[in-house]
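**Q** If you scroll down you'll find the structure; I have some questions about it.
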Amino acid sequence: MDEAIESAIEVISSKCAFSVPDQGSRRKWDGPWWQLAILCEMGEVERIPRSAVDNALEQLKHGAWQKFVITAHDAPQTEADKGKLDLCHCELGVFYMTLSACGRDTDTEMPWIRRWFLKHQLSDGGLNCEPKAYLKSGKSSIVSSLPPLEAVLYFTDRDYTDAEKRFLDNGARYLIEHKLVCSKEDGSVVNQEWLKPLFPRFFEYDILRGLYYLTEWSRRRGKPLPKDVIEEGIERLKRFTRGQRIVIGRKVNDRNGEWNGPAFPLMESVSRVGQESPHLTKQLGSVLNALAFSG
């Protein structure tokens, strides 16, 4: 494991890892951004060189197009701007959380990111990385929604503003109404893969991710825990639990999945299907404890 961690650190420490214009830092799944993100998901931020974090922040600060392109009016016009990172909600949420977890004051450095999240919440409570959702359906995507919601919920070191409270509460409503994984129309599970816990997640969704968000939302916002939804979610997870431990059910880059692609040594070492995950187990423990103390 230490060797795999050091390999990831070597990649993100390269002077050209986070360049402007970008030269492949977001390449799935072995680009520098994903190697930086997994170290944060693992809680290994103390081992990340400050220079790598600084370079990643500078790339996002100076090399990203700061608008979500819904219409041609939002798109970059100059050749220089056309070469900038064209980000979506979930990817931007991961990058924001990664930099914030590394101790950077992301809101001061790039205040446009938080405004981006709040601006693009749809009326159903979520977000969607498909521009057409803002022009036609108005329906959100769970995958698109969680990273921005988590970014605001987990990385606000002051009282939430009224706008942020609405953002978080509407996001929780969205998850509750969809019972974490279900269609509102007929109650069927939207995607069976979401029932399989995975690590690392990056911007992909699984049911435990939704369970943990609702648990933390309840605690941080002082809201009642939606016990029925939590209990049903835990029941759906049972085939992947071993007591209060949890095993990985799928890989984000599964060869038969939507996000198939090459990985890197650290990702391979912590994402094996069937192995117990200490990171997921910690989240499950928080959910179970919240349920036990909810009365």
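So you can find residues: chains in the structure tokens are A, B, ... in the order shown, residues in each start at 1, and ligands are numbered from 1 in order.
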Which polymer residues have any atom within 12 Å of an atom of range 136-139 of chain A, counting only C-alpha atoms, with same-chain residues fewer than 3 positions away left out, as a list in words?
**A**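 Everything that qualifies: Ile70, His120, Gln121, Leu122, Ser123, Asp124, Gly125, Gly126, Leu127, Asn128, Cys129, Glu130, Pro131, Lys132, Ala133, Ile142, Ser144, Ser145, Tyr174, Ser183 and Lys184 of chain A.
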**Q** Go ahead and write the selection's residues with N, CA, C and O atoms as a PDB file, in the first residue's frame.
**A**
```pdb
ATOM      1  N   ILE A  70     -24.928  25.604 -21.050  1.00  0.00           N
ATOM      2  CA  ILE A  70     -26.286  25.126 -21.320  1.00  0.00           C
ATOM      3  C   ILE A  70     -26.709  25.534 -22.730  1.00  0.00           C
ATOM      4  O   ILE A  70     -27.273  24.749 -23.478  1.00  0.00           O
ATOM      5  N   HIS A 120     -27.293  26.006 -10.106  1.00  0.00           N
ATOM      6  CA  HIS A 120     -27.758  24.961 -11.013  1.00  0.00           C
ATOM      7  C   HIS A 120     -28.613  23.881 -10.345  1.00  0.00           C
ATOM      8  O   HIS A 120     -28.837  22.823 -10.938  1.00  0.00           O
ATOM      9  N   GLN A 121     -29.102  24.158  -9.152  1.00  0.00           N
ATOM     10  CA  GLN A 121     -30.038  23.219  -8.534  1.00  0.00           C
ATOM     11  C   GLN A 121     -31.391  23.351  -9.225  1.00  0.00           C
ATOM     12  O   GLN A 121     -31.913  24.444  -9.412  1.00  0.00           O
ATOM     13  N   LEU A 122     -31.942  22.209  -9.628  1.00  0.00           N
ATOM     14  CA  LEU A 122     -33.248  22.185 -10.282  1.00  0.00           C
ATOM     15  C   LEU A 122     -34.370  22.143  -9.247  1.00  0.00           C
ATOM     16  O   LEU A 122     -34.128  21.907  -8.058  1.00  0.00           O
ATOM     17  N   SER A 123     -35.590  22.328  -9.700  1.00  0.00           N
ATOM     18  CA  SER A 123     -36.708  22.438  -8.763  1.00  0.00           C
ATOM     19  C   SER A 123     -36.977  21.155  -7.993  1.00  0.00           C
ATOM     20  O   SER A 123     -37.554  21.187  -6.903  1.00  0.00           O
ATOM     21  N   ASP A 124     -36.541  20.012  -8.526  1.00  0.00           N
ATOM     22  CA  ASP A 124     -36.760  18.764  -7.803  1.00  0.00           C
ATOM     23  C   ASP A 124     -35.737  18.548  -6.690  1.00  0.00           C
ATOM     24  O   ASP A 124     -35.841  17.605  -5.906  1.00  0.00           O
ATOM     25  N   GLY A 125     -34.723  19.413  -6.616  1.00  0.00           N
ATOM     26  CA  GLY A 125     -33.772  19.361  -5.517  1.00  0.00           C
ATOM     27  C   GLY A 125     -32.377  18.898  -5.888  1.00  0.00           C
ATOM     28  O   GLY A 125     -31.451  19.012  -5.090  1.00  0.00           O
ATOM     29  N   GLY A 126     -32.202  18.360  -7.092  1.00  0.00           N
ATOM     30  CA  GLY A 126     -30.893  17.873  -7.512  1.00  0.00           C
ATOM     31  C   GLY A 126     -30.292  18.738  -8.602  1.00  0.00           C
ATOM     32  O   GLY A 126     -30.764  19.851  -8.878  1.00  0.00           O
ATOM     33  N   LEU A 127     -29.245  18.213  -9.235  1.00  0.00           N
ATOM     34  CA  LEU A 127     -28.596  18.866 -10.358  1.00  0.00           C
ATOM     35  C   LEU A 127     -28.473  17.852 -11.479  1.00  0.00           C
ATOM     36  O   LEU A 127     -28.701  16.659 -11.279  1.00  0.00           O
ATOM     37  N   ASN A 128     -28.095  18.316 -12.654  1.00  0.00           N
ATOM     38  CA  ASN A 128     -27.917  17.410 -13.778  1.00  0.00           C
ATOM     39  C   ASN A 128     -26.801  17.933 -14.677  1.00  0.00           C
ATOM     40  O   ASN A 128     -26.795  19.106 -15.037  1.00  0.00           O
ATOM     41  N   CYS A 129     -25.869  17.053 -15.023  1.00  0.00           N
ATOM     42  CA  CYS A 129     -24.761  17.452 -15.892  1.00  0.00           C
ATOM     43  C   CYS A 129     -25.143  17.457 -17.369  1.00  0.00           C
ATOM     44  O   CYS A 129     -24.318  17.797 -18.212  1.00  0.00           O
ATOM     45  N   GLU A 130     -26.365  17.059 -17.676  1.00  0.00           N
ATOM     46  CA  GLU A 130     -26.867  17.129 -19.050  1.00  0.00           C
ATOM     47  C   GLU A 130     -27.536  18.484 -19.256  1.00  0.00           C
ATOM     48  O   GLU A 130     -28.565  18.764 -18.637  1.00  0.00           O
ATOM     49  N   PRO A 131     -26.991  19.333 -20.114  1.00  0.00           N
ATOM     50  CA  PRO A 131     -27.567  20.663 -20.304  1.00  0.00           C
ATOM     51  C   PRO A 131     -29.045  20.647 -20.672  1.00  0.00           C
ATOM     52  O   PRO A 131     -29.800  21.547 -20.281  1.00  0.00           O
ATOM     53  N   LYS A 132     -29.482  19.621 -21.410  1.00  0.00           N
ATOM     54  CA  LYS A 132     -30.874  19.584 -21.851  1.00  0.00           C
ATOM     55  C   LYS A 132     -31.850  19.517 -20.690  1.00  0.00           C
ATOM     56  O   LYS A 132     -33.023  19.880 -20.843  1.00  0.00           O
ATOM     57  N   ALA A 133     -31.405  19.067 -19.515  1.00  0.00           N
ATOM     58  CA  ALA A 133     -32.280  19.020 -18.347  1.00  0.00           C
ATOM     59  C   ALA A 133     -32.738  20.421 -17.958  1.00  0.00           C
ATOM     60  O   ALA A 133     -33.830  20.592 -17.402  1.00  0.00           O
ATOM     61  N   ILE A 142     -29.041  11.727  -9.879  1.00  0.00           N
ATOM     62  CA  ILE A 142     -28.432  11.475  -8.571  1.00  0.00           C
ATOM     63  C   ILE A 142     -26.912  11.543  -8.669  1.00  0.00           C
ATOM     64  O   ILE A 142     -26.242  12.094  -7.798  1.00  0.00           O
ATOM     65  N   SER A 144     -25.078  13.298 -10.694  1.00  0.00           N
ATOM     66  CA  SER A 144     -24.657  14.693 -10.821  1.00  0.00           C
ATOM     67  C   SER A 144     -24.833  15.477  -9.532  1.00  0.00           C
ATOM     68  O   SER A 144     -24.136  16.470  -9.308  1.00  0.00           O
ATOM     69  N   SER A 145     -25.760  15.047  -8.690  1.00  0.00           N
ATOM     70  CA  SER A 145     -26.170  15.838  -7.532  1.00  0.00           C
ATOM     71  C   SER A 145     -25.272  15.701  -6.316  1.00  0.00           C
ATOM     72  O   SER A 145     -25.023  16.679  -5.607  1.00  0.00           O
ATOM     73  N   TYR A 174     -34.747  15.563  -2.309  1.00  0.00           N
ATOM     74  CA  TYR A 174     -34.602  14.815  -3.564  1.00  0.00           C
ATOM     75  C   TYR A 174     -34.219  13.357  -3.293  1.00  0.00           C
ATOM     76  O   TYR A 174     -34.813  12.430  -3.846  1.00  0.00           O
ATOM     77  N   SER A 183     -37.028   5.340  -8.753  1.00  0.00           N
ATOM     78  CA  SER A 183     -37.834   6.244  -9.567  1.00  0.00           C
ATOM     79  C   SER A 183     -39.038   6.728  -8.759  1.00  0.00           C
ATOM     80  O   SER A 183     -39.670   5.944  -8.044  1.00  0.00           O
ATOM     81  N   LYS A 184     -39.340   8.011  -8.874  1.00  0.00           N
ATOM     82  CA  LYS A 184     -40.529   8.528  -8.197  1.00  0.00           C
ATOM     83  C   LYS A 184     -41.801   8.023  -8.847  1.00  0.00           C
ATOM     84  O   LYS A 184     -42.836   7.895  -8.188  1.00  0.00           O
TER      85      LYS A 184
END
```
**Q** Write down as number ranges by chain the residues belonging to range 167-274 of chain A that are assigned alpha helix (DSSP H) by DSSP computed on the backbone.
**A** A: 167-177, 207-221, 227-237, 265-270
**Q** Env of Met42 in chain A: 9 Å cut, atoms = only C-alpha atoms, seq-sep filter 4 positions within chain, self excluded. Answer as a PyMOL selection string.
**A** chain A and resi 37-38+200+279
**Q** Keeping only C-alpha atoms, write the selected residues to a file as a PDB file, in the first residue's frame.
**A**
```pdb
ATOM      1  CA  ALA A  37      -8.705  12.688  -5.317  1.00  0.00           C
ATOM      2  CA  ILE A  38      -8.200   9.099  -4.162  1.00  0.00           C
ATOM      3  CA  PRO A 200     -13.017   4.998  -4.537  1.00  0.00           C
ATOM      4  CA  HIS A 279     -13.302   3.671   4.356  1.00  0.00           C
TER       5      HIS A 279
END
```
**Q** Which residues, written as a list in words, have at least one atom at most 9 Å from Val11 in chain A, with only C-alpha atoms counted and residues fewer than 6 positions away on the same chain left out?
**A** Ala17, Gly31, Pro32, Gln35 and Leu36 of chain A
**Q** Identify all residues of range 20-255 of chain A in strand (DSSP E) (DSSP on the backbone) and supply them as a list in words.
**A**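 Reading the DSSP output for range 20-255 of chain A, strand (DSSP E) covers Thr241, Arg242, Arg245 and Ile246 of chain A.
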**Q** Would you save the residues of that selection, restricted to N, CA and C atoms, as a PDB file, in the first residue's frame?
**A**
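Saved file part_34.pdb follows:
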```pdb
ATOM      1  N   THR A 241     -22.636  -6.502   3.567  1.00  0.00           N
ATOM      2  CA  THR A 241     -22.169  -6.244   4.915  1.00  0.00           C
ATOM      3  C   THR A 241     -21.749  -7.537   5.594  1.00  0.00           C
ATOM      4  N   ARG A 242     -20.748  -7.405   6.446  1.00  0.00           N
ATOM      5  CA  ARG A 242     -20.263  -8.506   7.264  1.00  0.00           C
ATOM      6  C   ARG A 242     -20.250  -7.995   8.694  1.00  0.00           C
ATOM      7  N   ARG A 245     -19.128  -4.363   9.101  1.00  0.00           N
ATOM      8  CA  ARG A 245     -18.131  -4.092   8.055  1.00  0.00           C
ATOM      9  C   ARG A 245     -18.793  -4.235   6.694  1.00  0.00           C
ATOM     10  N   ILE A 246     -18.164  -3.644   5.705  1.00  0.00           N
ATOM     11  CA  ILE A 246     -18.758  -3.651   4.369  1.00  0.00           C
ATOM     12  C   ILE A 246     -17.692  -4.017   3.335  1.00  0.00           C
TER      13      ILE A 246
END
```
**Q** Pick from A:Val273, A:Val229, A:Met267, A:Leu288: nearest to Ala4 in chain A, with only C-alpha atoms counted?
**A** A:Met267
**Q** Contacts between range 207-218 of chain A and range 78-169 of chain A, please, where a residue of range 78-169 of chain A counts if it comes within 9 Å (with only C-alpha atoms); show its shortest atom pair and distance in Å to one decimal, rows by chain and ascending number, as CSV.
**A**
```
residue,atom,partner,partner_atom,distance
A:Ile142,CA,A:Gly210,CA,8.9
A:Leu146,CA,A:Gly210,CA,7.6
A:Leu149,CA,A:Tyr213,CA,8.4
A:Glu150,CA,A:Tyr213,CA,7.0
A:Leu153,CA,A:Trp217,CA,7.0
A:Tyr154,CA,A:Glu216,CA,8.3
A:Leu168,CA,A:Trp217,CA,7.4
A:Asp169,CA,A:Trp217,CA,7.9
```
**Q** Would you pick out the contacts of Asp54 in chain A at 10 Å or less, using only C-alpha atoms, so that residues sharing its chain but fewer than 6 positions from it are not included, and give the list as a list in words?
**A**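 Close residues of Asp54 in chain A: Phe18, Leu99, Cys102 and Arg104 of chain A.
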**Q** Counting only C-alpha atoms, what is within 8 Å of Arg272 in chain A, bar same-chain residues fewer than 4 positions away, as a PDB file with N, CA, C and O atoms, in the first residue's frame?
**A**
```
ATOM      1  N   ILE A 248     -16.581  -4.249  -0.875  1.00  0.00           N
ATOM      2  CA  ILE A 248     -16.771  -3.551  -2.148  1.00  0.00           C
ATOM      3  C   ILE A 248     -17.565  -4.436  -3.105  1.00  0.00           C
ATOM      4  O   ILE A 248     -17.292  -5.634  -3.227  1.00  0.00           O
ATOM      5  N   ARG A 250     -18.431  -3.313  -6.495  1.00  0.00           N
ATOM      6  CA  ARG A 250     -18.100  -3.048  -7.897  1.00  0.00           C
ATOM      7  C   ARG A 250     -16.975  -2.037  -7.960  1.00  0.00           C
ATOM      8  O   ARG A 250     -16.614  -1.432  -6.946  1.00  0.00           O
ATOM      9  N   LYS A 251     -16.434  -1.863  -9.157  1.00  0.00           N
ATOM     10  CA  LYS A 251     -15.363  -0.897  -9.383  1.00  0.00           C
ATOM     11  C   LYS A 251     -15.882   0.221 -10.280  1.00  0.00           C
ATOM     12  O   LYS A 251     -16.641  -0.027 -11.213  1.00  0.00           O
ATOM     13  N   GLU A 268      -6.110   0.278  -7.933  1.00  0.00           N
ATOM     14  CA  GLU A 268      -6.276  -1.171  -8.022  1.00  0.00           C
ATOM     15  C   GLU A 268      -6.191  -1.827  -6.644  1.00  0.00           C
ATOM     16  O   GLU A 268      -6.900  -2.788  -6.346  1.00  0.00           O
TER      17      GLU A 268
END
```
**Q** Fewer than 6 positions away in the same chain doesn't count, so skip those; otherwise give me all residues within 10 Å of Ala64 in chain A, counting only C-alpha atoms, as a PyMOL selection string.
**A** chain A and resi 20-22+58+81-87+92
**Q** Have a look at A:Leu225, A:Leu237, A:Val190, A:Val270 and name the one nearest to Ser294 in chain A; count only C-alpha atoms.
**A**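 Checking each candidate against Ser294 in chain A, we get A:Leu225 as the closest.
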**Q** What's the separation between CA of Ile12 in chain A and CA of Trp33 in chain A, in Å to one decimal place?
**A**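 Straight-line distance from CA of Ile12 in chain A to CA of Trp33 in chain A works out to 7.7 Å.
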